[in-house]
$ cat target.cif   # mmCIF, C-alpha atoms and all ligand atoms
data_entry
loop_
_atom_site.label_atom_id
_atom_site.label_comp_id
_atom_site.auth_asym_id
_atom_site.auth_seq_id
_atom_site.Cartn_x
_atom_site.Cartn_y
_atom_site.Cartn_z
CA MET J 50 0.00 0.00 0.00
CA SER J 51 1.42 3.39 -0.95
CA GLU J 52 1.76 6.20 1.57
CA LEU J 53 -1.14 8.08 0.05
CA GLU J 54 -3.41 5.05 0.10
CA ALA J 55 -2.45 4.36 3.68
CA ILE J 56 -3.40 7.89 4.61
CA LYS J 57 -6.66 7.63 2.69
CA ASN J 58 -7.47 4.35 4.41
CA ALA J 59 -6.88 5.77 7.87
CA PRO J 60 -9.92 5.62 10.11
CA PHE J 61 -11.86 8.88 10.38
CA VAL J 62 -10.99 9.22 14.04
CA ALA J 63 -8.26 7.23 15.77
CA THR J 64 -8.45 8.12 19.47
CA ALA J 65 -11.12 7.84 22.17
CA PHE J 66 -10.50 11.50 22.90
CA GLY J 67 -11.30 12.22 19.24
CA VAL J 68 -14.62 10.42 19.62
CA SER J 69 -15.53 12.67 22.59
CA VAL J 70 -14.49 15.78 20.64
CA ASP J 71 -16.61 14.71 17.69
CA ALA J 72 -19.64 13.96 19.87
CA LEU J 73 -19.41 17.43 21.40
CA PHE J 74 -18.93 19.03 18.00
CA TYR J 75 -21.92 17.28 16.41
CA ALA J 76 -24.17 17.99 19.37
CA LEU J 77 -23.19 21.65 19.20
CA VAL J 78 -23.87 21.80 15.46
CA ILE J 79 -27.25 20.08 15.86
CA VAL J 80 -28.43 22.25 18.76
CA SER J 81 -27.15 25.48 17.19
CA GLY J 82 -28.74 24.48 13.87
CA ALA J 83 -32.06 23.78 15.60
CA MET J 84 -31.87 27.19 17.29
CA VAL J 85 -31.17 28.96 14.00
CA LEU J 86 -34.03 27.11 12.37
CA LEU J 87 -36.43 27.92 15.20
CA VAL J 88 -35.53 31.61 15.37
CA SER J 89 -35.54 32.18 11.61
CA THR J 90 -38.85 30.32 11.20
CA LEU J 91 -40.43 32.41 13.95
CA ILE J 92 -39.14 35.59 12.33
CA VAL J 93 -40.81 34.68 9.05
CA VAL J 94 -44.03 33.52 10.73
CA PHE J 95 -44.30 36.67 12.84
CA CYS J 96 -43.46 38.92 9.88
CA VAL J 97 -46.34 37.45 7.95
CA ARG J 98 -48.78 37.15 10.81
CA TYR J 99 -48.27 40.57 12.34
CA ARG J 100 -47.59 42.56 9.18
CA ARG J 101 -48.99 46.07 8.97
CA GLY J 102 -52.64 46.27 8.24
CA ARG J 103 -53.40 42.70 9.33
CA ALA J 104 -56.09 42.42 11.91
CA ALA J 105 -54.23 39.91 14.13
CA ASP J 106 -54.72 39.68 17.86
CA ARG J 107 -51.85 41.70 19.34
CA SER J 108 -52.80 41.43 23.02
CA THR J 109 -50.68 39.26 25.30
CA GLY J 110 -52.46 36.44 27.05
CA ARG J 111 -52.09 35.82 30.74
CA PHE J 112 -49.46 33.08 30.40
CA TYR J 113 -47.70 34.58 27.41
CA GLY J 114 -46.47 37.52 29.37
CA ARG J 115 -43.51 37.42 31.59
CA HIS J 116 -43.57 33.62 31.92
CA LEU J 117 -42.75 33.11 28.30
CA GLU J 118 -39.76 35.39 28.69
CA TYR J 119 -38.51 33.33 31.63
CA VAL J 120 -38.67 30.26 29.45
CA TRP J 121 -36.89 31.64 26.42
CA ILE J 122 -34.14 33.16 28.49
CA GLY J 123 -33.74 30.31 30.96
CA LEU J 124 -33.91 27.34 28.63
CA PRO J 125 -31.25 28.40 26.09
CA LEU J 126 -29.07 29.55 28.97
CA LEU J 127 -29.23 26.11 30.55
CA ILE J 128 -28.69 24.33 27.25
CA PHE J 129 -25.62 26.36 26.31
CA LEU J 130 -24.17 26.33 29.81
CA SER J 131 -24.38 22.55 29.70
CA PHE J 132 -22.27 22.72 26.54
CA PHE J 133 -19.73 24.74 28.44
CA ALA J 134 -19.63 22.06 31.16
CA TRP J 135 -19.38 19.31 28.58
CA GLY J 136 -16.57 21.07 26.70
CA ALA J 137 -14.71 21.75 29.93
CA SER J 138 -14.88 18.09 30.94
CA VAL J 139 -13.51 16.98 27.56
CA PHE J 140 -10.77 19.59 27.86
CA MET J 141 -9.90 18.35 31.35
CA GLU J 142 -9.28 14.87 29.92
CA LEU J 143 -6.36 16.39 28.05
CA GLN J 144 -4.84 17.64 31.30
CA LYS J 145 -4.74 14.28 33.04
CA ILE J 146 -1.69 12.51 31.73
CA PRO J 147 -1.76 8.80 32.61
CA GLU J 148 1.15 7.67 34.76
CA ASN J 149 2.34 4.91 32.47
CA SER J 150 2.56 7.09 29.35
CA LEU J 151 5.27 6.53 26.78
CA ARG J 152 7.28 9.73 26.73
CA ILE J 153 8.35 11.07 23.36
CA GLN J 154 10.41 14.24 23.08
CA GLY J 155 9.60 16.46 20.14
CA VAL J 156 11.55 19.45 18.91
CA ALA J 157 10.07 21.73 16.28
CA LYS J 158 12.24 23.96 14.14
CA GLN J 159 11.98 25.78 10.85
CA TRP J 160 10.83 23.57 9.17
CA MET J 161 10.84 20.08 10.53
CA TRP J 162 9.78 17.86 13.42
CA LYS J 163 12.39 15.90 15.33
CA PHE J 164 11.37 13.11 17.68
CA TYR J 165 13.24 11.09 20.27
CA HIS J 166 12.06 7.80 21.70
CA PRO J 167 13.00 6.89 25.28
CA GLY J 168 15.55 4.35 24.04
CA GLY J 169 17.38 6.98 21.99
CA GLN J 170 15.84 6.22 18.58
CA ARG J 171 15.55 9.43 16.59
CA GLU J 172 13.45 10.32 13.61
CA ILE J 173 12.50 13.33 11.56
CA ASN J 174 8.98 14.15 10.35
CA THR J 175 7.74 10.60 10.85
CA LEU J 176 6.77 9.39 14.28
CA HIS J 177 6.37 5.68 14.94
CA LEU J 178 4.10 4.94 17.88
CA PRO J 179 2.38 1.94 19.42
CA VAL J 180 -1.39 1.68 19.61
CA GLY J 181 -3.25 0.93 22.82
CA ARG J 182 -1.09 2.78 25.30
CA PRO J 183 -1.03 6.41 26.39
CA ILE J 184 1.62 8.54 24.77
CA VAL J 185 2.75 11.98 25.86
CA VAL J 186 4.64 14.11 23.36
CA GLN J 187 6.70 16.73 25.14
CA LEU J 188 7.35 19.64 22.83
CA ALA J 189 9.98 22.34 22.58
CA SER J 190 10.72 24.84 19.84
CA GLU J 191 14.15 25.75 18.52
CA ASP J 192 12.97 29.06 17.00
CA VAL J 193 9.38 30.31 16.58
CA VAL J 194 5.86 29.19 17.50
CA HIS J 195 4.81 25.99 15.76
CA SER J 196 1.81 23.79 16.41
CA PHE J 197 1.65 20.01 16.63
CA PHE J 198 -1.56 18.99 14.88
CA VAL J 199 -2.81 15.49 14.10
CA PRO J 200 -6.37 15.86 12.79
CA HIS J 201 -7.23 12.17 13.17
CA PHE J 202 -6.44 12.39 16.88
CA ARG J 203 -8.33 15.70 17.25
CA ILE J 204 -5.40 17.25 19.06
CA LYS J 205 -3.49 20.43 18.43
CA GLN J 206 -0.82 21.80 20.71
CA ASP J 207 1.25 24.95 20.27
CA VAL J 208 5.01 24.55 20.50
CA VAL J 209 6.33 27.73 22.05
CA PRO J 210 9.95 28.87 22.16
CA GLY J 211 11.19 29.37 25.72
CA ARG J 212 8.84 26.92 27.35
CA TYR J 213 7.82 23.28 27.35
CA THR J 214 4.38 22.14 26.29
CA HIS J 215 2.97 18.65 25.99
CA VAL J 216 -0.01 16.75 24.70
CA TRP J 217 -1.12 13.21 25.34
CA PHE J 218 -3.27 10.76 23.43
CA GLN J 219 -3.85 7.07 22.99
CA ILE J 220 -4.17 5.69 19.48
CA ASP J 221 -6.79 2.97 19.09
CA LYS J 222 -6.23 1.95 15.49
CA PRO J 223 -3.03 1.23 13.58
CA GLY J 224 -2.58 3.37 10.50
CA LEU J 225 -0.78 6.27 8.93
CA TYR J 226 -1.94 9.66 10.12
CA ARG J 227 -0.92 13.06 8.85
CA LEU J 228 0.94 15.44 11.09
CA PHE J 229 0.82 19.16 10.37
CA CYS J 230 2.30 22.32 11.71
CA ALA J 231 -0.80 24.40 12.38
CA GLU J 232 0.80 27.75 13.14
CA TYR J 233 2.27 29.99 10.47
CA CYS J 234 6.00 29.78 11.12
CA GLY J 235 7.67 31.24 8.05
CA THR J 236 8.16 30.63 4.35
CA GLU J 237 8.03 26.86 4.41
CA HIS J 238 5.32 26.50 7.01
CA SER J 239 3.16 24.63 4.51
CA GLN J 240 5.98 22.11 4.01
CA MET J 241 6.32 21.41 7.70
CA ARG J 242 4.40 18.19 7.53
CA GLY J 243 4.94 14.68 8.70
CA ALA J 244 3.15 11.53 9.65
CA VAL J 245 2.38 9.42 12.65
CA ARG J 246 2.72 5.74 11.93
CA ALA J 247 0.70 3.83 14.49
CA LEU J 248 1.85 0.24 14.92
CA SER J 249 0.76 -2.68 17.05
CA ALA J 250 2.80 -3.10 20.22
CA THR J 251 4.88 -5.94 18.72
CA ASP J 252 5.49 -4.07 15.47
CA TYR J 253 6.54 -1.04 17.46
CA SER J 254 9.10 -2.97 19.51
CA ARG J 255 10.31 -4.62 16.31
CA TRP J 256 10.70 -1.17 14.78
CA LEU J 257 12.60 0.06 17.85
CA ASP J 258 14.96 -2.92 17.55
CA SER J 259 15.50 -2.34 13.85
CA ARG J 260 16.67 1.20 14.48
CA ASN J 261 20.16 1.66 15.67
CA PRO J 262 19.35 3.14 19.03
CA ALA J 263 21.76 6.02 18.82
CA GLN J 264 22.34 7.47 22.18
CA SER J 265 19.46 8.03 24.54
CA LEU J 266 18.80 11.65 25.48
CA THR J 267 19.78 10.77 29.02
CA ARG J 268 23.19 9.36 28.04
CA ALA J 269 23.85 12.29 25.73
CA GLY J 270 22.81 14.61 28.54
CA GLU J 271 25.26 12.99 30.91
CA GLN J 272 28.13 13.59 28.50
CA LEU J 273 27.04 17.16 27.96
CA PHE J 274 26.79 17.62 31.72
CA ARG J 275 30.49 16.77 32.00
CA ARG J 276 31.60 18.59 28.87
CA LEU J 277 29.96 21.84 29.91
CA GLY J 278 31.49 21.57 33.35
CA CYS J 279 28.17 21.28 35.22
CA SER J 280 29.61 18.31 37.08
CA GLY J 281 32.40 20.53 38.39
CA CYS J 282 29.95 22.13 40.81
CA HIS J 283 26.93 19.82 40.95
CA ALA J 284 28.65 16.49 41.43
CA GLU J 285 30.75 14.99 44.20
CA PRO J 286 33.42 15.91 45.09
CA SER J 287 33.14 19.62 44.58
CA THR J 288 34.35 22.52 46.63
CA VAL J 289 31.71 24.82 45.15
CA HIS J 290 28.53 25.13 47.18
CA ALA J 291 25.95 24.12 44.57
CA PRO J 292 22.64 22.28 44.95
CA ASP J 293 22.81 18.50 44.72
CA LEU J 294 20.76 17.32 41.75
CA THR J 295 20.16 13.75 42.90
CA GLY J 296 16.49 13.16 43.47
CA LEU J 297 15.70 16.72 42.45
CA PHE J 298 13.11 15.97 39.81
CA GLY J 299 9.55 16.23 41.11
CA ARG J 300 10.62 17.52 44.53
CA VAL J 301 9.40 20.78 46.02
CA VAL J 302 12.26 23.27 46.13
CA HIS J 303 12.41 26.14 48.61
CA LEU J 304 13.69 29.33 47.06
CA SER J 305 15.61 32.15 48.69
CA ASP J 306 12.71 34.58 48.20
CA GLY J 307 10.39 32.31 50.14
CA ARG J 308 8.60 30.76 47.17
CA ARG J 309 8.21 27.02 46.80
CA ILE J 310 8.34 25.48 43.39
CA GLU J 311 8.06 21.97 42.06
CA ALA J 312 11.17 20.87 40.20
CA ASP J 313 9.54 19.92 36.91
CA ARG J 314 11.05 20.07 33.43
CA ALA J 315 10.30 23.77 33.08
CA TYR J 316 12.01 24.58 36.39
CA ILE J 317 15.14 22.65 35.44
CA ARG J 318 15.20 24.27 32.02
CA ASP J 319 14.87 27.73 33.58
CA SER J 320 17.60 26.94 36.10
CA ILE J 321 20.01 26.18 33.26
CA LEU J 322 19.12 29.11 31.03
CA LEU J 323 17.98 31.69 33.61
CA PRO J 324 19.82 30.72 36.80
CA GLU J 325 19.02 34.02 38.50
CA LYS J 326 15.28 33.44 38.26
CA ASP J 327 14.82 30.85 40.99
CA ILE J 328 17.62 30.83 43.52
CA VAL J 329 17.50 27.86 45.86
CA ALA J 330 17.35 28.87 49.54
CA GLY J 331 20.76 28.72 51.17
CA TYR J 332 22.74 29.14 47.94
CA GLU J 333 24.31 32.09 46.23
CA ALA J 334 23.51 33.21 42.71
CA ILE J 335 26.86 32.20 41.26
CA MET J 336 25.79 29.94 38.44
CA PRO J 337 26.48 31.33 34.95
CA SER J 338 23.63 31.33 32.46
CA PHE J 339 23.78 28.95 29.53
CA ALA J 340 21.27 30.94 27.48
CA GLY J 341 22.44 31.34 23.90
CA GLN J 342 25.00 28.55 24.29
CA LEU J 343 22.65 25.60 24.18
CA SER J 344 20.17 24.56 21.56
CA GLU J 345 16.74 23.38 22.71
CA GLU J 346 17.88 19.89 21.88
CA GLU J 347 20.91 20.14 24.15
CA THR J 348 18.80 21.63 26.91
CA LEU J 349 16.41 18.68 26.54
CA LYS J 350 19.34 16.31 26.94
CA LEU J 351 20.43 17.98 30.16
CA VAL J 352 16.88 18.02 31.52
CA SER J 353 16.52 14.37 30.61
CA TYR J 354 19.78 13.52 32.40
CA ILE J 355 18.86 15.46 35.53
CA ARG J 356 15.47 13.78 35.51
CA SER J 357 17.19 10.41 35.35
CA LEU J 358 19.03 11.13 38.59
CA ASN J 359 15.96 9.88 40.38
CA SER J 360 13.92 7.00 39.18
CA SER J 361 10.57 7.99 40.65
CA GLY J 362 9.87 10.96 38.39
CA THR J 363 6.60 10.59 36.55
CA ALA J 364 5.40 14.16 36.11
CA PRO J 365 5.79 15.56 32.60
CU1 LIG E 401 6.04 25.20 11.93
CU2 LIG E 401 4.25 26.22 10.79
#

$ encode --input "target.cif" --output "structure tokens"
Amino acid sequence: MSELEAIKNAPFVATAFGVSVDALFYALVIVSGAMVLLVSTLIVVFCVRYRRGRAADRSTGRFYGRHLEYVWIGLPLLIFLSFFAWGASVFMELQKIPENSLRIQGVAKQWMWKFYHPGGQREINTLHLPVGRPIVVQLASEDVVHSFFVPHFRIKQDVVPGRYTHVWFQIDKPGLYRLFCAEYCGTEHSQMRGAVRALSATDYSRWLDSRNPAQSLTRAGEQLFRRLGCSGCHAEPSTVHAPDLTGLFGRVVHLSDGRRIEADRAYIRDSILLPEKDIVAGYEAIMPSFAGQLSEEETLKLVSYIRSLNSSGTAP
């Protein structure tokens, strides 16, 4: 089967989340359509019935006074507020990342998508994934705002320079699904396309084995950690008074200005690039900034390494 055929044969929606999005969308279209129909029909009916010169009864009956107004204000309000609640609950699903998710790192740049699998397998513009298990794609941008968009999964997530974003989904059906950049990001924005190839669990592990697992992000991060001299202060034995990074990930850190902050990926990234932002209580602001010296990819490697210094980390 050719690529194009495979894409054409892809199921209309490939995630359970997509099914909920579609249900909400169709319900909204149906109810809004019914409202439009009702209001426009009444406009026509009333125009004809109460046109000038027609001897129609223009008095208001006892019930059709204020009560009718209560109904036509209250009922649509309730109906559309329930849509708000429904939409919010679907949106909240996107915020709850399952613990056992497969973590894929994605870096967007003008104009391509780079992906890293936990074992170190790398790919560009095509993303191989297993079906039937939750996947979280953690996204960073090397330059401008991009957007990770897979229509068949009904997900779209902006990729913003200077911060980490993520999106999770679980693919139900194997197939080839198009991946787009959905944010105008320069001349070749329209060429910034790719595909998600969803495989069965066995095919996925076979694919992983067939790829030469280059170096995992964590291993590469460890080397970078030494090369950049981070280990000179942050590892034993060091004479410099610097915070110990073992077990840091996911812990609550007390800062010198009294704030408490959870050491997530964003915090570690900021600590490398903007060390003056969050000074750990009891330490001096002596760390040099690495902003401008590291690519997003290198920063990801360091974050991945620091994360690996404790095994319990599950937060994104
Ligand atoms: Cu990247 Cu548009």

$ residues_near_ligand --input "target.cif" --ligand "ligand LIG 401 (chain E)" --cutoff "7 Å" --atoms "all atoms listed in the file" --output "PDB file with C-alpha atoms, keeping the file's coordinate frame"
ATOM      1  CA  ALA J 157      10.070  21.730  16.280  1.00  0.00           C
ATOM      2  CA  LYS J 158      12.240  23.960  14.140  1.00  0.00           C
ATOM      3  CA  GLN J 159      11.980  25.780  10.850  1.00  0.00           C
ATOM      4  CA  TRP J 160      10.830  23.570   9.170  1.00  0.00           C
ATOM      5  CA  VAL J 194       5.860  29.190  17.500  1.00  0.00           C
ATOM      6  CA  HIS J 195       4.810  25.990  15.760  1.00  0.00           C
ATOM      7  CA  SER J 196       1.810  23.790  16.410  1.00  0.00           C
ATOM      8  CA  CYS J 230       2.300  22.320  11.710  1.00  0.00           C
ATOM      9  CA  ALA J 231      -0.800  24.400  12.380  1.00  0.00           C
ATOM     10  CA  GLU J 232       0.800  27.750  13.140  1.00  0.00           C
ATOM     11  CA  TYR J 233       2.270  29.990  10.470  1.00  0.00           C
ATOM     12  CA  CYS J 234       6.000  29.780  11.120  1.00  0.00           C
ATOM     13  CA  GLY J 235       7.670  31.240   8.050  1.00  0.00           C
ATOM     14  CA  HIS J 238       5.320  26.500   7.010  1.00  0.00           C
ATOM     15  CA  SER J 239       3.160  24.630   4.510  1.00  0.00           C
ATOM     16  CA  MET J 241       6.320  21.410   7.700  1.00  0.00           C
TER      17      MET J 241
END

$ closest_residue --input "target.cif" --among "J:Ala291, J:Cys282, J:Ala189, J:Ile122" --to "J:Ala330" --atoms "all atoms listed in the file"
J:Ala291

$ residues_around --input "target.cif" --residues "J:Ile146" --least-positions-apart "4" --cutoff "8 Å" --atoms "only C-alpha atoms" --output "ChimeraX atom specification"
/J:150,185,217

$ residues_near_point --input "target.cif" --point "(6.1, 4.8, 28.5)" --cutoff "8 Å" --atoms "all atoms listed in the file" --output "PDB file with C-alpha atoms, keeping the file's coordinate frame"
ATOM      1  CA  ASN J 149       2.340   4.910  32.470  1.00  0.00           C
ATOM      2  CA  SER J 150       2.560   7.090  29.350  1.00  0.00           C
ATOM      3  CA  LEU J 151       5.270   6.530  26.780  1.00  0.00           C
ATOM      4  CA  ARG J 152       7.280   9.730  26.730  1.00  0.00           C
ATOM      5  CA  PRO J 167      13.000   6.890  25.280  1.00  0.00           C
ATOM      6  CA  PRO J 183      -1.030   6.410  26.390  1.00  0.00           C
ATOM      7  CA  ILE J 184       1.620   8.540  24.770  1.00  0.00           C
TER       8      ILE J 184
END

$ atom_distance --input "target.cif" --atom1 "atom CA of J:Leu358" --atom2 "atom CA of J:Phe274"
12.2 Å

$ residues_around --input "target.cif" --residues "stretch 345-347 of chain J" --least-positions-apart "5" --cutoff "9 Å" --atoms "all atoms listed in the file" --output "ChimeraX atom specification"
/J:156,189-192,210-211,266,269-270,273,352

$ residues_around --input "target.cif" --residues "stretch 334-342 of chain J" --least-positions-apart "5" --cutoff "8 Å" --atoms "only C-alpha atoms" --output "MDAnalysis selection string"
chainID J and resid 321:325 328

$ closest_residue --input "target.cif" --among "J:Leu77, J:Leu178, J:Val193, J:Val208" --to "J:Ala247" --atoms "all atoms listed in the file"
J:Leu178

$ atom_distance --input "target.cif" --atom1 "atom CA of J:Leu228" --atom2 "atom CA of J:Pro200"
7.5 Å

$ atom_distance --input "target.cif" --atom1 "atom CA of J:Val85" --atom2 "atom CA of J:Leu117"
18.9 Å

$ closest_residue --input "target.cif" --among "J:Asp106, J:Leu297, J:Leu143, J:Arg212" --to "J:His283" --atoms "only C-alpha atoms"
J:Leu297

$ residues_around --input "target.cif" --residues "J:Glu54" --least-positions-apart "3" --cutoff "12 Å" --atoms "all atoms listed in the file" --output "NGL selection string"
:J and (50-51 or 57-60 or 224-226)

$ axis_aligned_box --input "target.cif" --around "stretch 228-246 of chain J" --padding-each-side "4 Å" --output "lines of an AutoDock Vina configuration file"
center_x = 3.7
center_y = 18.5
center_z = 8.6
size_x = 17.0
size_y = 33.5
size_z = 17.1

$ closest_residue --input "target.cif" --among "J:Val68, J:Leu257, J:Leu349, J:Val78" --to "J:Arg314" --atoms "only C-alpha atoms"
J:Leu349

$ closest_residue --input "target.cif" --among "J:Lys205, J:His303, J:Arg255, J:Lys145" --to "J:Pro179" --atoms "all atoms listed in the file"
J:Arg255

$ closest_residue --input "target.cif" --among "J:Glu172, J:Phe140, J:Tyr354, J:Gly114" --to "J:Arg275" --atoms "all atoms listed in the file"
J:Tyr354

$ residues_around --input "target.cif" --residues "J:Leu294" --least-positions-apart "4" --cutoff "12 Å" --atoms "only C-alpha atoms" --output "MDAnalysis selection string"
chainID J and resid 274 279:280 282:285 298:300 302 312 317 320 329 351:352 354:359
